[in-house]
Amino acid sequence: MKHISKSFPGVMALDDVTFSVGEGEVHALVGENGAGKSTLMKIINGVYSADQGEIYISGKKVSIKNPLDAQRNGVSIIFQEFNLVDTLSVAENIFIGRLGGKKKMIDWKSIYKEAEKLLKSLNYDLDPRAAVETLSVAQMQMTEIAKAMSFDAKIIIMDEPSAVLTDNELKKLFDIVEDLKKRGITVIYISHRLEEIFQICDKVTVLRDGKIIDTGNVEDLNKEQIIEMMVGRKLDQEFPKREKKIGDVILRAKGLRRGDRVQDVSFELRRGEILGFAGLVGAGRTETMRLLFGADQMTAGSIELNGKQVHIKSPMEAKGEGIALLPEDRKKQGLLLELPITENISLVKLKKVMSKGNLINKKKEKDVAKGYFDSLKIKAPSVTQRVYFLSGGNQQKVVIAKWLFSDADIFILDEPTRGIDVGAKYEIYMLMNELVAQGKSIILISSEMNEIIAMSDRIMVMHDGKICAELNGEEITPENVLKHAIN
Amino acid sequence: MKEKISQFCRKNIVVIGIGILLVFMAFAAPNYFAYSTLTGLLTQVAIYGIVACAMTIAIIGGEFDLSVSSILPLATLLFAAMLPTLGLPLTIVVVTLIGVGIGCINGFFVAITKINAFIVTLATMIAIKGIMLTFCDGMPMPAVNESARQLAMGNVGGITVTVMIFFGCVILTELVLRKTKYGRNVFATGGNYDVAQYAGINVRFIKFSLFAILGGAAALAGTLLTCRLQAGSPLYGSDVALYVVSAAVLGGTSLAGGRGSAVRTLLGMLFIGMLLQIFTYINVYTYMQQLIQGAIVVVVVIMDALPSRKKGSDEEPVTVGNPE
Amino acid sequence: MGEKTVSKKRGKFDLIISKYGILFVLAAIIIVAGIISPAFLTGQNILNILKQVSATGMLAIGMTFVIISGGVDLSMGSILSLCGVVCVIMIPLVGTPLAILIALAVGVVCGTLNGIFITLTGGTMGSAFIITFGMATALGSLALTVTNGANVNAAAFADFKEIGQGSWGIVPITVVIFVVAVIAAQFVLRKTTFGRINYCLGINDEATHLSGIKVKKFRVLVYTVAGLFTALGAVMLCSRVSSASPIQGEGYELDAIAAVVLGGTRMGGGSGSAAKTVIGVLMFGILTNALNVMGVSSYQQMIVKGIIIMVAVLMDKRSIRVENEMLARTV
Amino acid sequence: AEPSDSAAPAEESSSAAAPAEEESSEPAAEGTTKIVYLNGLLTAPYFGYLDTAMTDHAKELGVDLQILDGKMDNQVMYDQALSLIDQGDIDAIILTPVDMAGSVSIVQAITDAEIPLIICNSRVDASVEPLTDSLICCDPGYEGEVVGKLAVEQIPDGGKCAILEGVAGQEAQIYRTEGFKKAVEGSNIEIVDQKICEWDKAKAMSATDDLITAYPDLSIIYAQDDTMALGAIEAIKAAGKMDQIKVFGLGYMGDASKEALLAGELFGTCTQSPSWEGVTALDVAMDVINGKEVEEWYMTECLPVTKENCEEIDHGYNE
Ligand SMILES: Nc1ncnc2c1ncn2[C@@H]1O[C@H](COP(=O)(O)OP(=O)(O)OP(=O)(O)O)[C@@H](O)[C@H]1O
Ligand SMILES: Nc1ncnc2c1ncn2[C@@H]1O[C@H](COP(=O)(O)OP(=O)(O)OP(=O)(O)O)[C@@H](O)[C@H]1O
Ligand SMILES: [Mg+2]
Ligand SMILES: [Mg+2]
């Protein structure tokens with residue numbers, strides 16, 4: 001790609017970017033949230049057209065005006081945001097637009113068989129007949145991956161494929177990438193988990209503010225250097241330290257149950273504590289937290305807050321009790337994409353932005369948003385930008401800001417740093433530390449091993465809807481967590 | 001097996017509704033249970049049913065069409081006007097093609113200029129009505145023709161030709177939706193427009209075609225209606241759009257697109273048809289008939305929603321997993 | 001979700017035309033009608049137009065709330081008929097003010113029932129469609145039952161007729177009520193919790209629910225408000241025509257939806273405003289009036305109307321796209 | 001068909017009604033006679049009066065009367081007719097079709113099944129009219145003519161005249177205009193505009209507003225029914241043009257029309273009694289069932305009504 005420029009209203013997303021990838025290599029593309037990575041990839045894939053610049057594939061200049069052109073040129077992509085039709089089956093999503101090939105009639109048997117074969121080749125167990133809307137996020141991601149694999153592509157772009165995967169699936173993904181490499185297929189790999197880059201990539205390109213900073217061999221670089229290039233400054237450590245000030249039990253869950261997704265889950269959360277929840281995809285962590293938050297109704301069990309039993313039947317009541325839930329699917333559950341940042345943040349506590357007479361005060365609302373905008377370093381032209389136009393990481397930050405604004409005592413963070421760059425992650429960790437320092441408590445669900453180990457005071461490991469281990473102090477090691485999670 | 005049946009019922013509101021009506025009729029009017037009632041019911045829903053099939057495809061594709069309410073009566077008039085000169089088969093073809101043509105106009109504005117379908121079809125509905133009224137000067141036109149009458153009345157064991165055409169449409173629609181590339185592309189386009197577009201589906205063509213099909217189906221229905229009533233009139237079929245959309249929704253086709261089937265719409269049609277039919281069997285104070293009809297629709301829809309509520313989550317089930 | 005391939009710079013002039021596209025069409029109609037028929041631009045005629053649209057405009061305002069919340073209400077026509085006949089029947093029994101209150105209460109109850117049923121059935125567009133379709137049938141026949149199918153005359157109730165036929169200065173009272181209602185609606189939508197949440201319901205009710213908001217309560221409220229506006233419209237209409245007919249509301253719900261959508265509020269929810277709806281309402285009112293005044297025959301009027309609606313939306317469609325870009329740029 | 005003396009059958013049959021009950025026991029299921037009234041225009045206010053009168057009369061006669069709403073839709077009515085035929089225990093059907101042309105199939109189906117068929121209020125297509133047993137209605141063209149003549153008579157100076165019409169495409173809409181035009185031909189009345197108002201008072205009001213603006217010298221408004229006429233009057237009053245514009249209606253509606261006539265706001269209209277039509281239709285149906293000779297056409301009386309004669313004419317009409 002040569003001299004690619006692309007601007008959106010108010011943003012110069014890409015500024016004269018020249019980017020090349022060698023055949024058969026696994027090339028990492030890294031950069032802060034909003035650096036322009038996804039935009040660049042969408043240009044290669046024909047979703048956006050560049051304002052300027054040219055694309056060459058195998059030395060030939062190509063014109064890619066739409067995703068179909070990209071397919072014809074052997075480019076396939078796993079989008080950062082899910083790109084599936086909810087109402088259709090896995091198999092159909094994989095072969096969407098290509099069902100039945102040239103024939104007009106569809107042979108469903110062969111399609112399911114082929115999908116099954118494909119999933120098997122990815123070593124992943126998923127029913128190709130299941131409707132996508134019934135899948136968990138990780139399963140959806142694997143469907144995306146399968147979809148990208150199903151093309152006979154020369155270049156496969158993976159835009160944060162790992163963000164929603166746990167170690168188990170991640171391994172499978174790495175195997176897939178290894179396999180692609182062996183077959184001489186080029187992979188462009190975008191990720192905020194820098195370890196991964198060292199595990200599987202050959203080369204890395206760093207993008208910042210729409211400009212290429214540098215390209216280099218992974219072997220020649222270390223993590224710190226990459227981070228420095230990304231953020232423009234040194235980051236001495238990944239996880240900030242904090243002083244532990246753990247108080248009394250604030251929340252006690254006893255025997256929570258809902259169907260067989262959550263079975264007899266009991267735990268305690270203390271003031272000033274970060275309690276980690278680890279487990280494989282589908283272990284039931286999200287479901288458990290939805291019960292605490294009243295988003296689903298439990299069939300058995302009880303919750304005590306400050307020693308008093310509470311009955312939480314809706315998120316509204318949970319909010320009243322000072323519980324906040326940062327959902328795992330920000331697009332569907334966390335954000336109102338068509339509203340501006342301001343209104344997304346103020347929604348949870350409209351009272352706080354009202355002036356006398358219970359009327360919404362736009363100015364107050366803006367001021368509040370501005371505060372988070374600066375402190376979380378949300379990257380957008382203004383606080384009134386609609387969330388729809390933000391980059392994935394910045395959208396995540398808006399969700400975080402929203403719940404910070406709610407003044408809760410207990411924060412349930414379900415994959416809070418999903419898709420967030422290292423710099424911003426650090427900010428979020430700082431924020432978490434600050435919260436617990438104020439005596440608030442956090443439940444942290446994370447599938448990123450390092451994060452959960454470094455940040456948690458205590459870790460509950462879940463498997464199959466049950467808590468199978470509680471790890472304290474010295475016991476908290478990656479091996480231990482994994483052992484229990486796999487059971 | 002029991003499980004399966006109950007699950008099917010839960011997914012198909014109208015099955016419950018039809019069941020309730022049947023039980024009710026068993027007490028209120030036992031003479032309702034006759035073969036001729038069934039054939040009568042089928043005949044009754046057949047003509048609108050053809051439009052309903054096309055509307056089902058359109059709703060699955062994420063669209064909606066009000067203008068069938070004008071295309072259908074226009075077709076009855078055109079048919080009545082052309083029949084004497086062109087003869088039956090040719091008239092049907094010509095009128096249907098005119099319907100397709102009007103559908104293409106709708107399709108153009110929705111698919112190419114991307115105006116909201118509601119307002120596009122509202123505009124064409126009004127305009128066609130004006131054209132039609134100008135054309136016939138507001139007058140109904142007789143269309144008395146023996147072969148046309150045969151087309152509507154001719155039957156094998158009570159199943160009229162019209163009903164056969166209707167069944168043909170249902171089967172064809174179901175086949176197209178389930179088995180053809182086109183049908184699946186309609187699902188994808190209605191389910192998620194962007195994704196379908198990125199997948200290289202010609203989404204514009206799909207959207208365009210939905211309206212062309214609707215126009216054709218409405219015109220075909222118009223010709224059959226004219227055969228049946230032996231007249232064309234600007235007043236016929238003015239309620240067809242709401243009627244068939246309701247039938248589709250009752251059948252469980254989602255207005256959000258990406259979901260639905262012609263068979264379900266057929267069930268919806270039968271249910272609404274029964275609601276109209278039963279009052280010829282039981283004598284209810286005139287104005288109460290509609291009150292009861294409306295109330296039954298509301299009750300059935302609510303009943304369908306209740307079991308899922310009991311299971312726990314109050315909003316639409318958010319979480320993963322197929323119900324076992 | 002909207003256009004993704006945006007961009008290409010636009011001239012300022014282009015922007016203005018696109019942004020106010022529908023207003024330009026409106027202006028064009030006014031100018032053409034003014035030239036062809038001098039009577040069109042007289043003060044009396046303008047007041048006439050306002051009078052004509054006030055009552056039905058109330059329905060459109062109610063419908064704006066419903067559509068923004070991602071729903072639709074097909075029962076408005078029937079609610080209008082029912083409230084109308086109830087009001088006029090009650091006047092001789094309880095007096096005008098109380099009769100009006102009863103009519104409003106009927107509207108509120110019907111709307112709330114709609115809301116409850118819709119919420120019970122999931123709150124989607126589909127459930128709103130089918131529930132209000134059923135309610136329309138039921139309530140319509142209730143209105144017929146109440147009067148036994150006949151019209152009810154209100155010619156004898158001077159105080160009641162005053163609402164629809166009287167005026168303050170030269171401004172008819174109905175127009176005043178309509179303007180107040182529009183301002184109130186706009187205010188509620190922009191400034192209150194209810195208004196804000198109304199938009200949220202239309203955008204993503206799951207996310208709204210997970211933000212700890214009583215989605216159900218607010219959804220019911222949306223239909224209650226719609227019922228109230230409909231009842232107000234019914235009172236204004238009956239008082240204007242000084243009688244009530246059990247079928248007088250037939251088809252008004254479609255007119256209301258049309259006005260809302262023509263104004264630029266999107267079917268499916270999440271955006272829109274009462275002010276936009278007023279433009280839609282005026283557009284229909286002015287168009288009909290202008291064509292009438294120009295002496296276009298009823299049949300041909302329909303053709304012209306259809307075409308003009310299309311042109312108006314075509315221009316406005318561009319304005320929506322541009323508005324998106326502009327919004328993205330605002331600081 | 002020649003109009004007969006309209007008063008006669010009503011009297012005749014009401015006296016014959018009592019024995020009819022017993023005689024007719026053989027075709028009916030349990031001694032009662034079952035008559036179905038298929039009404040395509042049920043929701044129009046006119047039929048509110050008609051249906052009530054018919055229902056009351058049925059109670060008097062001890063007839064099992066079922067009224068079905070045809071929803072302004074010939075297709076619905078056709079299906080209803082087929083369904084009724086199917087049930088086979090109906091002694092007679094009274095029919096009010098939505099329009100002439102579309103009634104052909106309905107009439108054919110009913111007469112093929114050899115069920116007595118009486119047409120009420122609106123005529124069926126001429127091709128099938130001979131198949132029916134009897135017709136109780138007024139000729140819509142004739143109604144228009146009556147009002148037209150009245151207008152010519154009352155306003156010899158003539159002037160510009162606008163017509164407010166019912167639902168586009170309905171028989172009444174078409175012929176009431178046609179008859180009126182026929183009557184005013186050659187007079188000084190000049191028809192300048194026609195507006196579709198769908199029998200709706202509010203629409204009639206708005207249309208009148210606009211007509212007044214468009215034709216400042218408008219002097220006559222002819223509305224196809226009294227409801228719309230009253231709407232026109234409201235608009236004219238609001239515009240302060242009562243002196244200039246004279247309103248004619250059609251289909252005298254009892255008190256509401258009378259008040260307007262007496263107040264000098266409504267210049268003229270014509271009678272058409274819904275209750276008479278309802279009662280007569282039922283009586284004629286009974287006569288047919290009982291094998292009596294009936295006329296082909298009982299013409300609903302259509303008399304011009306003005307301020308002068310409205311008091312006396314009112315007697316015997318609505319209820
Ligand atoms: N459709 C759009 N309209 C307006 N602005 C956009 C649009 N898409 C992206 N942007 C802006 O362009 C910039 C680059 O976004 P992009 O999605 O490429 O970032 P990214 O590097 O992928 O970030 P992340 O790591 O958070 O995914 C951001 O500032 C974003 O707000
Ligand atoms: N598609 C599916 N069909 C059936 N059951 C499923 C499906 N997806 C997940 N589950 C079940 O749901 C339960 C909980 O899933 P949940 O998403 O809450 O897990 P989690 O631990 O939060 O995982 P994640 O890492 O994805 O957030 C698990 O028992 C899993 O087996
Ligand atoms: Mg990105
Ligand atoms: Mg989870």
# chains A, B, ... in the order shown; residues from 1 in each chain; ligands from 1

$ residues_around --residues "region 387-404 of chain A" --least-positions-apart "3" --cutoff "8 Å" --atoms "only C-alpha atoms" --output "PyMOL selection string"
(chain A and resi 33-34+80-81+324-326+330+334-341+344-348+372+376+378-380+407-408+416-421) or (chain C and resi 328)

$ select_by_dssp --residues "region 415-474 of chain A" --states "strand (DSSP E)" --output "mmCIF file with C-alpha atoms, in the first residue's frame"
data_model
loop_
_atom_site.group_PDB
_atom_site.id
_atom_site.type_symbol
_atom_site.label_atom_id
_atom_site.label_comp_id
_atom_site.auth_asym_id
_atom_site.auth_seq_id
_atom_site.Cartn_x
_atom_site.Cartn_y
_atom_site.Cartn_z
ATOM 1 C CA SER A 441 -14.657 -3.272 45.269
ATOM 2 C CA ILE A 442 -14.136 -4.793 41.882
ATOM 3 C CA ILE A 443 -14.974 -8.100 40.363
ATOM 4 C CA LEU A 444 -12.756 -8.598 37.374
ATOM 5 C CA ILE A 445 -13.527 -11.123 34.695
ATOM 6 C CA ARG A 458 -7.878 -13.301 44.905
ATOM 7 C CA ILE A 459 -9.043 -15.447 42.008
ATOM 8 C CA MET A 460 -12.066 -17.670 41.668
ATOM 9 C CA VAL A 461 -11.741 -20.177 38.909
ATOM 10 C CA MET A 462 -14.908 -21.350 37.248
ATOM 11 C CA HIS A 463 -15.567 -24.379 35.186
ATOM 12 C CA LYS A 466 -19.301 -24.114 39.087
ATOM 13 C CA ILE A 467 -16.570 -22.520 41.095
ATOM 14 C CA CYS A 468 -13.816 -25.088 41.158
ATOM 15 C CA ALA A 469 -11.075 -23.254 42.979
ATOM 16 C CA GLU A 470 -10.251 -20.194 44.997
ATOM 17 C CA LEU A 471 -6.672 -19.025 44.682
ATOM 18 C CA ASN A 472 -5.002 -16.813 47.241
#

$ residues_around --residues "Leu269 (chain A)" --least-positions-apart "5" --cutoff "12 Å" --atoms "only C-alpha atoms" --output "MDAnalysis selection string"
chainID A and resid 246:254 274:277 303:307 409:412 436 439:444 456:460

$ residues_near_ligand --ligand "ligand 4" --cutoff "8 Å" --atoms "only C-alpha atoms and all ligand atoms" --output "PDB file with C-alpha atoms, in the first residue's frame"
ATOM      1  CA  SER A 136     -21.188 -16.983  22.948  1.00  0.00           C
ATOM      2  CA  VAL A 137     -18.839 -14.254  21.806  1.00  0.00           C
ATOM      3  CA  VAL A 281     -14.973 -19.468  27.491  1.00  0.00           C
ATOM      4  CA  GLY A 282     -18.447 -20.483  28.514  1.00  0.00           C
ATOM      5  CA  ALA A 283     -17.391 -21.292  32.045  1.00  0.00           C
ATOM      6  CA  GLY A 284     -20.363 -19.322  33.323  1.00  0.00           C
ATOM      7  CA  ARG A 285     -18.674 -16.205  34.611  1.00  0.00           C
ATOM      8  CA  THR A 286     -20.777 -13.808  32.613  1.00  0.00           C
ATOM      9  CA  GLU A 287     -23.941 -15.626  33.555  1.00  0.00           C
ATOM     10  CA  GLU A 328     -18.807  -8.066  27.747  1.00  0.00           C
ATOM     11  CA  ASP A 414     -16.496  -8.223  32.345  1.00  0.00           C
ATOM     12  CA  GLU A 415     -13.468  -8.166  30.080  1.00  0.00           C
ATOM     13  CA  ILE A 445     -13.527 -11.123  34.695  1.00  0.00           C
TER      14      ILE A 445
END

$ residues_around --residues "region 114-127 of chain A" --least-positions-apart "6" --cutoff "8 Å" --atoms "only C-alpha atoms" --output "PDB file with N, CA, C and O atoms, in the first residue's frame"
ATOM      1  N   VAL A  90     -24.400 -21.042  11.685  1.00  0.00           N
ATOM      2  CA  VAL A  90     -22.950 -20.898  11.590  1.00  0.00           C
ATOM      3  C   VAL A  90     -22.478 -21.203  10.172  1.00  0.00           C
ATOM      4  O   VAL A  90     -21.747 -20.420   9.562  1.00  0.00           O
ATOM      5  N   ALA A  91     -22.941 -22.332   9.647  1.00  0.00           N
ATOM      6  CA  ALA A  91     -22.494 -22.740   8.325  1.00  0.00           C
ATOM      7  C   ALA A  91     -22.842 -21.686   7.287  1.00  0.00           C
ATOM      8  O   ALA A  91     -22.035 -21.326   6.431  1.00  0.00           O
ATOM      9  N   ILE A  94     -20.627 -18.753   7.433  1.00  0.00           N
ATOM     10  CA  ILE A  94     -19.302 -19.024   6.879  1.00  0.00           C
ATOM     11  C   ILE A  94     -19.322 -18.883   5.361  1.00  0.00           C
ATOM     12  O   ILE A  94     -18.440 -18.268   4.770  1.00  0.00           O
ATOM     13  N   GLN A 139     -17.460 -18.159  20.558  1.00  0.00           N
ATOM     14  CA  GLN A 139     -17.902 -19.021  19.461  1.00  0.00           C
ATOM     15  C   GLN A 139     -18.147 -18.211  18.193  1.00  0.00           C
ATOM     16  O   GLN A 139     -17.847 -18.647  17.097  1.00  0.00           O
ATOM     17  N   MET A 142     -14.868 -17.579  16.634  1.00  0.00           N
ATOM     18  CA  MET A 142     -14.365 -18.741  15.911  1.00  0.00           C
ATOM     19  C   MET A 142     -15.108 -18.903  14.588  1.00  0.00           C
ATOM     20  O   MET A 142     -14.533 -19.325  13.595  1.00  0.00           O
ATOM     21  N   ALA A 146     -13.406 -19.060  11.006  1.00  0.00           N
ATOM     22  CA  ALA A 146     -13.719 -20.100  10.032  1.00  0.00           C
ATOM     23  C   ALA A 146     -14.142 -19.479   8.709  1.00  0.00           C
ATOM     24  O   ALA A 146     -13.758 -19.941   7.635  1.00  0.00           O
ATOM     25  N   SER A 150     -12.368 -19.908   5.019  1.00  0.00           N
ATOM     26  CA  SER A 150     -13.072 -20.642   3.984  1.00  0.00           C
ATOM     27  C   SER A 150     -12.787 -20.096   2.589  1.00  0.00           C
ATOM     28  O   SER A 150     -13.052 -20.747   1.600  1.00  0.00           O
ATOM     29  N   LYS A 172      -5.631 -22.582  19.612  1.00  0.00           N
ATOM     30  CA  LYS A 172      -6.123 -23.044  18.311  1.00  0.00           C
ATOM     31  C   LYS A 172      -5.839 -22.009  17.231  1.00  0.00           C
ATOM     32  O   LYS A 172      -5.456 -22.326  16.115  1.00  0.00           O
ATOM     33  N   ILE A 176      -3.606 -22.298  13.862  1.00  0.00           N
ATOM     34  CA  ILE A 176      -4.113 -21.936  12.536  1.00  0.00           C
ATOM     35  C   ILE A 176      -3.125 -21.021  11.829  1.00  0.00           C
ATOM     36  O   ILE A 176      -2.782 -21.204  10.661  1.00  0.00           O
TER      37      ILE A 176
END

$ residues_around --residues "Ile43 (chain A)" --least-positions-apart "6" --cutoff "9 Å" --atoms "only C-alpha atoms" --output "list of chain:residue names"
A:Ile4, A:Lys6, A:Ser49, A:Ala50, A:Ile64, A:Lys65

$ interface_residues --of "chain B" --to "chain D" --cutoff "9 Å" --atoms "only C-alpha atoms" --output "ChimeraX atom specification"
/B:31-32,36-37,40-41,43-44,133,136-144,225-226,228-238,276-277,279-287,289-290

$ select_by_dssp --residues "region 70-194 of chain C" --states "helix (DSSP H, G or I)" --output "PyMOL selection string"
chain C and resi 76-94+96-120+125-147+158-165+173-191+193-194

$ residues_around --residues "region 243-255 of chain D" --least-positions-apart "3" --cutoff "6 Å" --atoms "only C-alpha atoms" --output "NGL selection string"
:D and (219-226 or 229 or 258 or 266-272 or 318)

$ interface_residues --of "chain D" --to "chain C" --cutoff "9 Å" --atoms "only C-alpha atoms" --output "count of residues only"
39

$ residues_around --residues "region 205-220 of chain C" --least-positions-apart "6" --cutoff "7 Å" --atoms "only C-alpha atoms" --output "PyMOL selection string"
(chain A and resi 295+315-316+319+332-336+348) or (chain C and resi 112+115-116+119+194)

$ write_last_selection --atoms "N, CA, C and O atoms" --output "PDB file, in the first residue's frame"
ATOM      1  N   ALA A 295     -29.798  -8.861  35.766  1.00  0.00           N
ATOM      2  CA  ALA A 295     -30.117  -8.910  34.339  1.00  0.00           C
ATOM      3  C   ALA A 295     -30.803 -10.225  33.995  1.00  0.00           C
ATOM      4  O   ALA A 295     -31.591 -10.305  33.068  1.00  0.00           O
ATOM      5  N   PRO A 315     -31.651  -4.692  36.714  1.00  0.00           N
ATOM      6  CA  PRO A 315     -30.463  -3.842  36.757  1.00  0.00           C
ATOM      7  C   PRO A 315     -30.731  -2.536  37.486  1.00  0.00           C
ATOM      8  O   PRO A 315     -29.857  -1.986  38.137  1.00  0.00           O
ATOM      9  N   MET A 316     -31.968  -2.079  37.375  1.00  0.00           N
ATOM     10  CA  MET A 316     -32.359  -0.854  38.055  1.00  0.00           C
ATOM     11  C   MET A 316     -32.126  -0.979  39.563  1.00  0.00           C
ATOM     12  O   MET A 316     -31.554  -0.102  40.200  1.00  0.00           O
ATOM     13  N   LYS A 319     -28.443  -1.198  40.382  1.00  0.00           N
ATOM     14  CA  LYS A 319     -27.838   0.129  40.348  1.00  0.00           C
ATOM     15  C   LYS A 319     -28.139   0.865  41.644  1.00  0.00           C
ATOM     16  O   LYS A 319     -27.273   1.516  42.218  1.00  0.00           O
ATOM     17  N   LYS A 332     -23.660  -4.501  21.766  1.00  0.00           N
ATOM     18  CA  LYS A 332     -25.053  -4.884  21.961  1.00  0.00           C
ATOM     19  C   LYS A 332     -25.564  -4.486  23.327  1.00  0.00           C
ATOM     20  O   LYS A 332     -26.712  -4.128  23.489  1.00  0.00           O
ATOM     21  N   GLN A 333     -24.702  -4.591  24.327  1.00  0.00           N
ATOM     22  CA  GLN A 333     -25.205  -4.434  25.685  1.00  0.00           C
ATOM     23  C   GLN A 333     -24.739  -3.172  26.396  1.00  0.00           C
ATOM     24  O   GLN A 333     -25.273  -2.810  27.421  1.00  0.00           O
ATOM     25  N   GLY A 334     -23.728  -2.550  25.824  1.00  0.00           N
ATOM     26  CA  GLY A 334     -23.157  -1.449  26.581  1.00  0.00           C
ATOM     27  C   GLY A 334     -23.444  -0.073  26.021  1.00  0.00           C
ATOM     28  O   GLY A 334     -23.482   0.902  26.748  1.00  0.00           O
ATOM     29  N   LEU A 335     -23.641  -0.001  24.703  1.00  0.00           N
ATOM     30  CA  LEU A 335     -23.647   1.327  24.097  1.00  0.00           C
ATOM     31  C   LEU A 335     -24.903   1.608  23.292  1.00  0.00           C
ATOM     32  O   LEU A 335     -25.533   0.702  22.770  1.00  0.00           O
ATOM     33  N   LEU A 336     -25.208   2.874  23.211  1.00  0.00           N
ATOM     34  CA  LEU A 336     -26.243   3.320  22.292  1.00  0.00           C
ATOM     35  C   LEU A 336     -25.484   3.995  21.163  1.00  0.00           C
ATOM     36  O   LEU A 336     -25.116   5.169  21.243  1.00  0.00           O
ATOM     37  N   VAL A 348     -26.724   6.469  32.794  1.00  0.00           N
ATOM     38  CA  VAL A 348     -26.891   5.701  34.027  1.00  0.00           C
ATOM     39  C   VAL A 348     -27.267   6.550  35.222  1.00  0.00           C
ATOM     40  O   VAL A 348     -27.782   6.044  36.204  1.00  0.00           O
TER      41      VAL A 348
ATOM     42  N   THR C 112     -52.291   3.142  27.561  1.00  0.00           N
ATOM     43  CA  THR C 112     -51.575   2.351  28.552  1.00  0.00           C
ATOM     44  C   THR C 112     -51.767   0.864  28.299  1.00  0.00           C
ATOM     45  O   THR C 112     -50.813   0.075  28.406  1.00  0.00           O
ATOM     46  N   GLY C 115     -49.539  -0.122  25.663  1.00  0.00           N
ATOM     47  CA  GLY C 115     -48.179  -0.187  26.184  1.00  0.00           C
ATOM     48  C   GLY C 115     -47.938  -1.456  26.983  1.00  0.00           C
ATOM     49  O   GLY C 115     -46.920  -2.132  26.802  1.00  0.00           O
ATOM     50  N   ILE C 116     -48.884  -1.792  27.836  1.00  0.00           N
ATOM     51  CA  ILE C 116     -48.705  -2.983  28.667  1.00  0.00           C
ATOM     52  C   ILE C 116     -48.649  -4.231  27.797  1.00  0.00           C
ATOM     53  O   ILE C 116     -47.754  -5.065  27.932  1.00  0.00           O
ATOM     54  N   THR C 119     -45.398  -4.361  25.882  1.00  0.00           N
ATOM     55  CA  THR C 119     -44.275  -4.715  26.740  1.00  0.00           C
ATOM     56  C   THR C 119     -44.309  -6.201  27.080  1.00  0.00           C
ATOM     57  O   THR C 119     -43.281  -6.869  27.081  1.00  0.00           O
ATOM     58  N   PHE C 194     -37.651  11.107  30.634  1.00  0.00           N
ATOM     59  CA  PHE C 194     -38.532  10.316  29.794  1.00  0.00           C
ATOM     60  C   PHE C 194     -38.166  10.473  28.324  1.00  0.00           C
ATOM     61  O   PHE C 194     -38.051   9.501  27.572  1.00  0.00           O
TER      62      PHE C 194
END

$ atom_distance --atom1 "CA of Gly158 (chain D)" --atom2 "CA of Glu198 (chain D)"
26.2 Å

$ interface_residues --of "chain A" --to "chain B" --cutoff "8 Å" --atoms "only C-alpha atoms" --output "NGL selection string"
:A and (47 or 66-68 or 83-88 or 96-97 or 99-100 or 103-108 or 130 or 133-136 or 287 or 295-298)

$ interface_residues --of "chain B" --to "chain C" --cutoff "7 Å" --atoms "only C-alpha atoms" --output "PyMOL selection string"
chain B and resi 115+119-120+123-124+126-131+133-134+246+249+254-255+287-288+290-295+297-298+301-302+305+315-316

$ atom_distance --atom1 "CA of Ala256 (chain C)" --atom2 "CA of Gly57 (chain C)"
7.3 Å

$ closest_residue --among "B:Gly49, B:Gly61, B:Gly107, B:Gly158" --to "Leu224 (chain B)" --atoms "only C-alpha atoms"
B:Gly49

$ atom_distance --atom1 "CA of Thr121 (chain B)" --atom2 "CA of Cys104 (chain B)"
11.3 Å

$ closest_residue --among "A:Leu435, A:Ile226, A:Leu291, A:Val17" --to "chain C" --atoms "only C-alpha atoms"
A:Leu291

$ closest_residue --among "A:Lys234, A:Lys102, A:Arg193, A:Lys352" --to "ligand 1" --atoms "only C-alpha atoms and all ligand atoms"
A:Arg193
